[in-house]
Amino acid sequence: AGVPAAAPALPPARHLFSDPAEVEALRRNLLAWYDRCKRDLPWRALAAAEPDADRRGYAVWVSEIMLQQTQVATVIDYYTRWMQKWPTLQALAQASLEEVNELWAGLGYYSRGKRLQEAARKVVSQLAGRMPRRAEELQKLLPGVGRYTAGAIASISYGQATGVVDGNVIRVLCRLRCIGADSSSPAVIDRLWDMANVLVDRSRPGDFNQALMELGATVCVPKSPLCGECPVKQHCQAWRRKLFGKAHPVPDVEDCGVGDCPLCPPATEPWDSSLGVTNFPRKAAKKPPRAMRTATCVLERRGCHGAPEYLLVQRPSSGLLAGLWEFPSVPLAQDLQEEKEREELADYLQVWMGQPVAAKGLQFIGEVIHIFSHIHQTYVVYSLHLDGDVTLDPALSPSRWVTEDEFHASAVSTAMKKV
């Protein structure tokens, strides 16, 4: 007979929340702090005041998508404008992608806005305008809604007692329980989700999840955390370790009771007492962004009212900055001589305009650097004034001439605004 496989050993209790009394106290302390100190944010006001369950879910959903990889201070204005323009799922479902891109311009990660609108259309056309109420269904049915966003909507809008794990929560939990293994690894992430689900307050799940994220955003910050102001520091093993060092009876973080603990820091990088609480979380080294160069030409002509107009072309509907408008641009190989870069750009423009473009006629303006999350992009900027009218090849990407005001109202990236 086959021997049953042994279940993977649970991490030592030191890394878990196994004492119900401690869990109860942590919930109480965190929620009391949140009620006293929470920031006044427009989506919180909407979620608290909106009686219509579908509108409430939509209001939280928009905020969560906008807040992915974007700071709260940046999101507030975008959120307010969005909710004024499209206060309901139905209104958003009727908008065009062009309108969505125009309002999203400057928020980055443009596919987020596109998927949000696709999902709104799906709710209206396939789900009779009714938002799914549970995290599992939100994740399964809505494009662009992952595990975290689904948990946030379900707990904040619909009171489902389900935890959430984002970057702030990862940091807080890793410090509370001295988790020093790579916090981006799937095994550690799964363990953190288990913890979040154990901790979430059953009667106020949405407030608890927001409190945990708020703590990470305002107190338990990556560098120089404000431990003195932390409402749950008595539950924090990293803080106790820092405070009492090795003399305290709390077991050492490296000696958590088992060898090769899957949640302890690697033996090659043990606790560094000079870092204290900021020993946690640990992450694998990030790959450096790849460097790219792009030649960009600002083509200018006199408009019919004498004001200058500039040519914009639309990017492909998938990939980086999908569907946004930009000045005609062509990727360059690294280490080209300036003369060669000019020639490549002139050849590219010639295809657009169907007439020869002299490389010498391109005026070099300067270089603009823009950092995307995974790309260090240098735009080499040229300008070219056109006298006569130009007929653009309609078989190529969509294009249009715009005034300066129209440029700023178009769906253009932050990088193009810098250009």
# chains A, B, ... in the order shown; residues from 1 in each chain; ligands from 1
>>> select_by_dssp(residues="stretch 299-397 of chain A", states="helix (DSSP H, G or I)", output="ChimeraX atom specification")
/A:338-353,359-361
>>> write_last_selection(atoms="all heavy atoms", output="short mmCIF file (atom, residue, chain, number, x, y, z; two decimals), in the first residue's frame")
data_model
loop_
_atom_site.label_atom_id
_atom_site.label_comp_id
_atom_site.auth_asym_id
_atom_site.auth_seq_id
_atom_site.Cartn_x
_atom_site.Cartn_y
_atom_site.Cartn_z
N GLU A 338 24.42 60.25 -33.90
CA GLU A 338 23.28 61.18 -34.04
C GLU A 338 22.83 61.27 -35.50
O GLU A 338 21.63 61.30 -35.81
CB GLU A 338 23.67 62.58 -33.53
CG GLU A 338 22.43 63.49 -33.46
CD GLU A 338 22.77 64.97 -33.40
OE1 GLU A 338 23.79 65.34 -32.78
OE2 GLU A 338 22.01 65.75 -34.00
N GLU A 339 23.79 61.28 -36.42
CA GLU A 339 23.46 61.38 -37.85
C GLU A 339 22.56 60.21 -38.29
O GLU A 339 21.59 60.38 -39.02
CB GLU A 339 24.77 61.36 -38.65
CG GLU A 339 24.64 61.89 -40.05
CD GLU A 339 26.01 61.91 -40.74
OE1 GLU A 339 27.03 62.24 -40.07
OE2 GLU A 339 26.05 61.55 -41.91
N LYS A 340 22.91 59.01 -37.77
CA LYS A 340 22.15 57.81 -38.15
C LYS A 340 20.73 57.89 -37.54
O LYS A 340 19.75 57.47 -38.17
CB LYS A 340 22.90 56.57 -37.64
CG LYS A 340 22.36 55.27 -38.20
CD LYS A 340 22.89 55.01 -39.61
CE LYS A 340 22.26 53.76 -40.22
NZ LYS A 340 21.05 53.98 -41.01
N GLU A 341 20.64 58.40 -36.31
CA GLU A 341 19.32 58.54 -35.67
C GLU A 341 18.41 59.46 -36.51
O GLU A 341 17.24 59.16 -36.75
CB GLU A 341 19.47 59.11 -34.25
CG GLU A 341 20.09 58.13 -33.28
CD GLU A 341 20.14 58.66 -31.84
OE1 GLU A 341 20.00 59.89 -31.63
OE2 GLU A 341 20.34 57.84 -30.93
N ARG A 342 19.00 60.58 -36.98
CA ARG A 342 18.25 61.51 -37.83
C ARG A 342 17.73 60.81 -39.08
O ARG A 342 16.60 60.99 -39.49
CB ARG A 342 19.17 62.64 -38.30
CG ARG A 342 19.17 63.85 -37.44
CD ARG A 342 20.24 64.78 -38.06
NE ARG A 342 20.70 65.71 -37.06
CZ ARG A 342 20.13 66.88 -36.83
NH1 ARG A 342 19.09 67.28 -37.54
NH2 ARG A 342 20.58 67.68 -35.89
N GLU A 343 18.61 60.02 -39.70
CA GLU A 343 18.24 59.34 -40.95
C GLU A 343 17.09 58.36 -40.71
O GLU A 343 16.15 58.29 -41.51
CB GLU A 343 19.45 58.60 -41.53
CG GLU A 343 20.46 59.52 -42.19
CD GLU A 343 21.75 58.82 -42.56
OE1 GLU A 343 21.76 57.56 -42.60
OE2 GLU A 343 22.75 59.52 -42.82
N GLU A 344 17.17 57.63 -39.60
CA GLU A 344 16.09 56.66 -39.29
C GLU A 344 14.75 57.39 -39.13
O GLU A 344 13.73 56.94 -39.62
CB GLU A 344 16.42 55.90 -38.00
CG GLU A 344 17.66 55.04 -38.12
CD GLU A 344 17.41 53.58 -37.78
OE1 GLU A 344 16.40 53.27 -37.13
OE2 GLU A 344 18.25 52.76 -38.19
N LEU A 345 14.80 58.52 -38.42
CA LEU A 345 13.57 59.28 -38.20
C LEU A 345 13.05 59.85 -39.53
O LEU A 345 11.85 59.80 -39.82
CB LEU A 345 13.82 60.40 -37.18
CG LEU A 345 12.60 61.25 -36.80
CD1 LEU A 345 11.46 60.39 -36.25
CD2 LEU A 345 12.99 62.32 -35.78
N ALA A 346 13.99 60.37 -40.35
CA ALA A 346 13.59 60.94 -41.66
C ALA A 346 12.94 59.86 -42.53
O ALA A 346 11.91 60.10 -43.17
CB ALA A 346 14.81 61.55 -42.35
N ASP A 347 13.52 58.66 -42.54
CA ASP A 347 12.93 57.55 -43.33
C ASP A 347 11.52 57.23 -42.84
O ASP A 347 10.60 56.99 -43.63
CB ASP A 347 13.80 56.29 -43.22
CG ASP A 347 15.13 56.45 -43.95
OD1 ASP A 347 15.25 57.41 -44.74
OD2 ASP A 347 16.04 55.63 -43.74
N TYR A 348 11.36 57.22 -41.52
CA TYR A 348 10.06 56.89 -40.93
C TYR A 348 9.02 57.96 -41.32
O TYR A 348 7.90 57.65 -41.71
CB TYR A 348 10.21 56.80 -39.41
CG TYR A 348 8.92 56.58 -38.66
CD1 TYR A 348 8.27 55.35 -38.70
CD2 TYR A 348 8.34 57.60 -37.92
CE1 TYR A 348 7.08 55.14 -38.02
CE2 TYR A 348 7.15 57.41 -37.22
CZ TYR A 348 6.52 56.17 -37.28
OH TYR A 348 5.35 55.98 -36.60
N LEU A 349 9.42 59.24 -41.22
CA LEU A 349 8.49 60.33 -41.55
C LEU A 349 8.12 60.31 -43.03
O LEU A 349 7.00 60.63 -43.42
CB LEU A 349 9.12 61.68 -41.20
CG LEU A 349 9.33 61.93 -39.69
CD1 LEU A 349 10.14 63.21 -39.48
CD2 LEU A 349 8.00 62.02 -38.96
N GLN A 350 9.09 59.91 -43.87
CA GLN A 350 8.85 59.85 -45.31
C GLN A 350 7.72 58.87 -45.63
O GLN A 350 6.86 59.14 -46.47
CB GLN A 350 10.15 59.40 -45.99
CG GLN A 350 10.11 59.49 -47.49
CD GLN A 350 11.53 59.46 -48.05
OE1 GLN A 350 12.45 60.05 -47.49
NE2 GLN A 350 11.69 58.77 -49.16
N VAL A 351 7.69 57.74 -44.90
CA VAL A 351 6.62 56.76 -45.09
C VAL A 351 5.27 57.39 -44.74
O VAL A 351 4.27 57.22 -45.43
CB VAL A 351 6.87 55.50 -44.22
CG1 VAL A 351 5.68 54.56 -44.26
CG2 VAL A 351 8.13 54.79 -44.68
N TRP A 352 5.27 58.18 -43.65
CA TRP A 352 4.03 58.83 -43.22
C TRP A 352 3.52 59.83 -44.24
O TRP A 352 2.34 59.90 -44.53
CB TRP A 352 4.27 59.57 -41.89
CG TRP A 352 3.88 58.74 -40.73
CD1 TRP A 352 4.71 57.99 -39.94
CD2 TRP A 352 2.56 58.52 -40.24
NE1 TRP A 352 3.97 57.33 -38.99
CE2 TRP A 352 2.66 57.63 -39.14
CE3 TRP A 352 1.31 58.99 -40.61
CZ2 TRP A 352 1.56 57.20 -38.43
CZ3 TRP A 352 0.21 58.57 -39.89
CH2 TRP A 352 0.34 57.67 -38.81
N MET A 353 4.46 60.63 -44.75
CA MET A 353 4.05 61.79 -45.54
C MET A 353 4.07 61.53 -47.04
O MET A 353 3.59 62.35 -47.82
CB MET A 353 4.92 62.98 -45.18
CG MET A 353 4.80 63.28 -43.69
SD MET A 353 5.58 64.78 -43.08
CE MET A 353 6.98 65.03 -44.04
N ALA A 359 17.00 64.60 -43.77
CA ALA A 359 17.45 64.41 -42.38
C ALA A 359 18.02 65.71 -41.82
O ALA A 359 17.84 66.05 -40.66
CB ALA A 359 18.48 63.29 -42.33
N LYS A 360 18.72 66.48 -42.70
CA LYS A 360 19.35 67.73 -42.23
C LYS A 360 18.30 68.77 -41.82
O LYS A 360 18.57 69.66 -41.04
CB LYS A 360 20.22 68.32 -43.35
CG LYS A 360 21.51 67.54 -43.59
CD LYS A 360 22.45 68.34 -44.50
CE LYS A 360 23.82 67.69 -44.62
NZ LYS A 360 23.77 66.33 -45.16
N GLY A 361 17.07 68.63 -42.35
CA GLY A 361 16.03 69.60 -42.03
C GLY A 361 15.43 69.40 -40.63
O GLY A 361 14.71 70.25 -40.13
#
>>> atom_distance(atom1="atom CA of A:Gly180", atom2="atom CA of A:Trp271")
8.7 Å
>>> residues_around(residues="A:Arg56", least_positions_apart="6", cutoff="9 Å", atoms="only C-alpha atoms", output="number ranges by chain")
A: 46-50, 153, 156-158
>>> closest_atom_pairs(of="stretch 172-265 of chain A", to="stretch 280-291 of chain A", cutoff="9 Å", atoms="only C-alpha atoms", output="Markdown table")
| residue | atom | partner | partner_atom | distance |
| --- | --- | --- | --- | --- |
| A:Val172 | CA | A:Pro281 | CA | 8.5 |
| A:Leu173 | CA | A:Pro281 | CA | 8.7 |
| A:Cys174 | CA | A:Pro281 | CA | 5.5 |
| A:Arg175 | CA | A:Phe280 | CA | 5.5 |
| A:Cys178 | CA | A:Phe280 | CA | 6.8 |
| A:Ile179 | CA | A:Phe280 | CA | 6.8 |
| A:Gly180 | CA | A:Arg282 | CA | 5.5 |
| A:Ala181 | CA | A:Arg282 | CA | 6.2 |
| A:Asp182 | CA | A:Lys283 | CA | 4.7 |
| A:Ser183 | CA | A:Lys283 | CA | 5.4 |
| A:Ser184 | CA | A:Lys283 | CA | 6.1 |
| A:Ser185 | CA | A:Lys283 | CA | 8.4 |
| A:Pro222 | CA | A:Pro281 | CA | 8.8 |
| A:Ala238 | CA | A:Phe280 | CA | 7.9 |
| A:Pro265 | CA | A:Arg282 | CA | 7.7 |
>>> write_last_selection(atoms="N, CA and C atoms", output="PDB file, in the first residue's frame")
ATOM      1  N   VAL A 172       3.136  45.315   6.641  1.00  0.00           N
ATOM      2  CA  VAL A 172       2.656  45.272   8.029  1.00  0.00           C
ATOM      3  C   VAL A 172       2.730  43.840   8.575  1.00  0.00           C
ATOM      4  N   LEU A 173       2.226  42.865   7.811  1.00  0.00           N
ATOM      5  CA  LEU A 173       2.199  41.483   8.313  1.00  0.00           C
ATOM      6  C   LEU A 173       3.602  40.915   8.462  1.00  0.00           C
ATOM      7  N   CYS A 174       4.494  41.218   7.525  1.00  0.00           N
ATOM      8  CA  CYS A 174       5.867  40.706   7.629  1.00  0.00           C
ATOM      9  C   CYS A 174       6.560  41.246   8.879  1.00  0.00           C
ATOM     10  N   ARG A 175       6.256  42.495   9.240  1.00  0.00           N
ATOM     11  CA  ARG A 175       6.863  43.059  10.447  1.00  0.00           C
ATOM     12  C   ARG A 175       6.189  42.510  11.709  1.00  0.00           C
ATOM     13  N   CYS A 178       7.666  38.934  11.842  1.00  0.00           N
ATOM     14  CA  CYS A 178       9.067  38.668  11.497  1.00  0.00           C
ATOM     15  C   CYS A 178       9.206  37.694  10.328  1.00  0.00           C
ATOM     16  N   ILE A 179       8.467  37.945   9.257  1.00  0.00           N
ATOM     17  CA  ILE A 179       8.578  37.074   8.085  1.00  0.00           C
ATOM     18  C   ILE A 179       9.668  37.645   7.191  1.00  0.00           C
ATOM     19  N   GLY A 180      10.768  36.913   7.106  1.00  0.00           N
ATOM     20  CA  GLY A 180      11.934  37.424   6.383  1.00  0.00           C
ATOM     21  C   GLY A 180      12.232  36.690   5.093  1.00  0.00           C
ATOM     22  N   ALA A 181      11.373  35.719   4.729  1.00  0.00           N
ATOM     23  CA  ALA A 181      11.548  35.079   3.427  1.00  0.00           C
ATOM     24  C   ALA A 181      11.106  36.064   2.340  1.00  0.00           C
ATOM     25  N   ASP A 182      11.480  35.792   1.109  1.00  0.00           N
ATOM     26  CA  ASP A 182      11.163  36.676  -0.016  1.00  0.00           C
ATOM     27  C   ASP A 182       9.644  36.897  -0.090  1.00  0.00           C
ATOM     28  N   SER A 183       9.216  38.146   0.162  1.00  0.00           N
ATOM     29  CA  SER A 183       7.781  38.413   0.286  1.00  0.00           C
ATOM     30  C   SER A 183       7.060  38.447  -1.059  1.00  0.00           C
ATOM     31  N   SER A 184       7.821  38.303  -2.159  1.00  0.00           N
ATOM     32  CA  SER A 184       7.146  38.246  -3.460  1.00  0.00           C
ATOM     33  C   SER A 184       6.979  36.806  -3.938  1.00  0.00           C
ATOM     34  N   SER A 185       7.463  35.838  -3.137  1.00  0.00           N
ATOM     35  CA  SER A 185       7.366  34.442  -3.579  1.00  0.00           C
ATOM     36  C   SER A 185       5.944  33.925  -3.352  1.00  0.00           C
ATOM     37  N   PRO A 222       7.752  52.166   4.420  1.00  0.00           N
ATOM     38  CA  PRO A 222       8.939  51.363   4.089  1.00  0.00           C
ATOM     39  C   PRO A 222      10.188  51.796   4.848  1.00  0.00           C
ATOM     40  N   ALA A 238       8.780  42.313  15.190  1.00  0.00           N
ATOM     41  CA  ALA A 238       9.965  43.048  14.739  1.00  0.00           C
ATOM     42  C   ALA A 238      10.264  44.203  15.699  1.00  0.00           C
ATOM     43  N   PRO A 265      14.276  34.822   7.677  1.00  0.00           N
ATOM     44  CA  PRO A 265      15.246  35.344   6.704  1.00  0.00           C
ATOM     45  C   PRO A 265      16.241  34.242   6.340  1.00  0.00           C
TER      46      PRO A 265
END
>>> atom_distance(atom1="atom CA of A:Leu192", atom2="atom CA of A:Ile170")
7.0 Å
>>> atom_distance(atom1="atom CA of A:Gly151", atom2="atom CA of A:Ala119")
16.6 Å
>>> residues_around(residues="A:Gly366", least_positions_apart="4", cutoff="10 Å", atoms="only C-alpha atoms", output="number ranges by chain")
A: 379-383, 419
>>> closest_residue(among="A:Leu392, A:Cys297, A:Ala93, A:Met292", to="A:Met416", atoms="only C-alpha atoms")
A:Cys297
>>> residues_around(residues="A:Glu118", least_positions_apart="2", cutoff="10 Å", atoms="only C-alpha atoms", output="list in words")
Leu92, Ala93, Leu97, Arg112, Gly113, Lys114, Arg115, Leu116, Ala120, Arg121, Lys122, Val123, Leu142, Pro143 and Gly144 of chain A
>>> closest_residue(among="A:Ala13, A:Gly108, A:Asp40, A:Trp33", to="A:Pro231", atoms="only C-alpha atoms")
A:Trp33
>>> residues_around(residues="A:Met131", least_positions_apart="4", cutoff="8 Å", atoms="only C-alpha atoms", output="PyMOL selection string")
chain A and resi 54+57-58+123+127+138
>>> write_last_selection(atoms="N, CA and C atoms", output="PDB file, in the first residue's frame")
ATOM      1  N   ASP A  54     -25.103  48.613  -5.961  1.00  0.00           N
ATOM      2  CA  ASP A  54     -24.315  48.546  -7.192  1.00  0.00           C
ATOM      3  C   ASP A  54     -23.458  49.799  -7.377  1.00  0.00           C
ATOM      4  N   GLY A  57     -20.530  49.520  -4.901  1.00  0.00           N
ATOM      5  CA  GLY A  57     -19.484  48.625  -5.404  1.00  0.00           C
ATOM      6  C   GLY A  57     -18.682  49.266  -6.521  1.00  0.00           C
ATOM      7  N   TYR A  58     -19.372  49.978  -7.405  1.00  0.00           N
ATOM      8  CA  TYR A  58     -18.706  50.664  -8.524  1.00  0.00           C
ATOM      9  C   TYR A  58     -17.754  51.741  -7.998  1.00  0.00           C
ATOM     10  N   VAL A 123     -20.852  44.003 -17.002  1.00  0.00           N
ATOM     11  CA  VAL A 123     -21.841  44.016 -15.908  1.00  0.00           C
ATOM     12  C   VAL A 123     -23.199  44.480 -16.450  1.00  0.00           C
ATOM     13  N   LEU A 127     -24.797  40.979 -16.865  1.00  0.00           N
ATOM     14  CA  LEU A 127     -25.194  40.738 -15.470  1.00  0.00           C
ATOM     15  C   LEU A 127     -26.345  41.664 -15.052  1.00  0.00           C
ATOM     16  N   LEU A 138     -16.530  38.218  -8.123  1.00  0.00           N
ATOM     17  CA  LEU A 138     -15.960  39.437  -8.691  1.00  0.00           C
ATOM     18  C   LEU A 138     -14.704  39.090  -9.496  1.00  0.00           C
TER      19      LEU A 138
END
>>> residues_around(residues="stretch 200-211 of chain A", least_positions_apart="2", cutoff="7 Å", atoms="only C-alpha atoms", output="PyMOL selection string")
chain A and resi 27+30-31+34+155-156+159-164+196-198+213-215
>>> write_last_selection(atoms="N, CA and C atoms", output="PDB file, in the first residue's frame")
ATOM      1  N   ARG A  27      -7.454  43.482  16.509  1.00  0.00           N
ATOM      2  CA  ARG A  27      -8.582  44.069  15.760  1.00  0.00           C
ATOM      3  C   ARG A  27      -9.091  45.326  16.470  1.00  0.00           C
ATOM      4  N   LEU A  30      -6.554  48.267  16.298  1.00  0.00           N
ATOM      5  CA  LEU A  30      -6.395  48.815  14.953  1.00  0.00           C
ATOM      6  C   LEU A  30      -7.632  49.615  14.539  1.00  0.00           C
ATOM      7  N   LEU A  31      -8.819  49.071  14.818  1.00  0.00           N
ATOM      8  CA  LEU A  31     -10.051  49.768  14.421  1.00  0.00           C
ATOM      9  C   LEU A  31     -10.249  51.062  15.219  1.00  0.00           C
ATOM     10  N   TYR A  34      -8.048  53.559  13.582  1.00  0.00           N
ATOM     11  CA  TYR A  34      -8.589  53.946  12.273  1.00  0.00           C
ATOM     12  C   TYR A  34      -9.742  54.949  12.438  1.00  0.00           C
ATOM     13  N   SER A 155     -15.348  43.283   0.648  1.00  0.00           N
ATOM     14  CA  SER A 155     -15.351  43.605   2.080  1.00  0.00           C
ATOM     15  C   SER A 155     -15.846  45.026   2.336  1.00  0.00           C
ATOM     16  N   ILE A 156     -15.401  45.996   1.513  1.00  0.00           N
ATOM     17  CA  ILE A 156     -15.761  47.399   1.769  1.00  0.00           C
ATOM     18  C   ILE A 156     -17.203  47.678   1.355  1.00  0.00           C
ATOM     19  N   GLY A 159     -19.522  43.956   2.818  1.00  0.00           N
ATOM     20  CA  GLY A 159     -19.379  43.391   4.157  1.00  0.00           C
ATOM     21  C   GLY A 159     -18.954  41.940   4.204  1.00  0.00           C
ATOM     22  N   GLN A 160     -18.352  41.407   3.125  1.00  0.00           N
ATOM     23  CA  GLN A 160     -17.874  40.026   3.184  1.00  0.00           C
ATOM     24  C   GLN A 160     -16.607  39.972   4.041  1.00  0.00           C
ATOM     25  N   ALA A 161     -16.572  39.032   4.975  1.00  0.00           N
ATOM     26  CA  ALA A 161     -15.412  38.930   5.880  1.00  0.00           C
ATOM     27  C   ALA A 161     -14.272  38.199   5.180  1.00  0.00           C
ATOM     28  N   THR A 162     -13.625  38.920   4.257  1.00  0.00           N
ATOM     29  CA  THR A 162     -12.508  38.343   3.515  1.00  0.00           C
ATOM     30  C   THR A 162     -11.341  39.309   3.601  1.00  0.00           C
ATOM     31  N   GLY A 163     -10.142  38.773   3.730  1.00  0.00           N
ATOM     32  CA  GLY A 163      -8.963  39.620   3.887  1.00  0.00           C
ATOM     33  C   GLY A 163      -8.489  40.172   2.556  1.00  0.00           C
ATOM     34  N   VAL A 164      -7.544  41.119   2.613  1.00  0.00           N
ATOM     35  CA  VAL A 164      -6.887  41.620   1.404  1.00  0.00           C
ATOM     36  C   VAL A 164      -5.385  41.697   1.659  1.00  0.00           C
ATOM     37  N   ALA A 196      -4.254  37.207   6.584  1.00  0.00           N
ATOM     38  CA  ALA A 196      -5.210  38.309   6.413  1.00  0.00           C
ATOM     39  C   ALA A 196      -6.636  37.804   6.642  1.00  0.00           C
ATOM     40  N   ASN A 197      -6.914  36.586   6.192  1.00  0.00           N
ATOM     41  CA  ASN A 197      -8.263  36.023   6.373  1.00  0.00           C
ATOM     42  C   ASN A 197      -8.541  35.653   7.833  1.00  0.00           C
ATOM     43  N   VAL A 198      -7.495  35.282   8.579  1.00  0.00           N
ATOM     44  CA  VAL A 198      -7.660  35.003  10.015  1.00  0.00           C
ATOM     45  C   VAL A 198      -7.916  36.313  10.773  1.00  0.00           C
ATOM     46  N   MET A 213      -4.390  48.698   5.588  1.00  0.00           N
ATOM     47  CA  MET A 213      -3.701  49.380   4.480  1.00  0.00           C
ATOM     48  C   MET A 213      -3.293  50.800   4.881  1.00  0.00           C
ATOM     49  N   GLU A 214      -4.174  51.467   5.630  1.00  0.00           N
ATOM     50  CA  GLU A 214      -3.885  52.831   6.100  1.00  0.00           C
ATOM     51  C   GLU A 214      -2.665  52.833   7.024  1.00  0.00           C
ATOM     52  N   LEU A 215      -2.582  51.811   7.871  1.00  0.00           N
ATOM     53  CA  LEU A 215      -1.436  51.699   8.777  1.00  0.00           C
ATOM     54  C   LEU A 215      -0.144  51.603   7.966  1.00  0.00           C
TER      55      LEU A 215
END
>>> closest_residue(among="A:Ala95, A:Ala152, A:Val412, A:Leu386", to="A:Glu309", atoms="only C-alpha atoms")
A:Leu386
>>> closest_residue(among="A:Thr88, A:Gln69, A:Gln377, A:Asn101", to="A:Arg55", atoms="only C-alpha atoms")
A:Thr88
>>> closest_residue(among="A:Val330, A:Ala128, A:Val60, A:Cys230", to="A:Thr149", atoms="only C-alpha atoms")
A:Val60
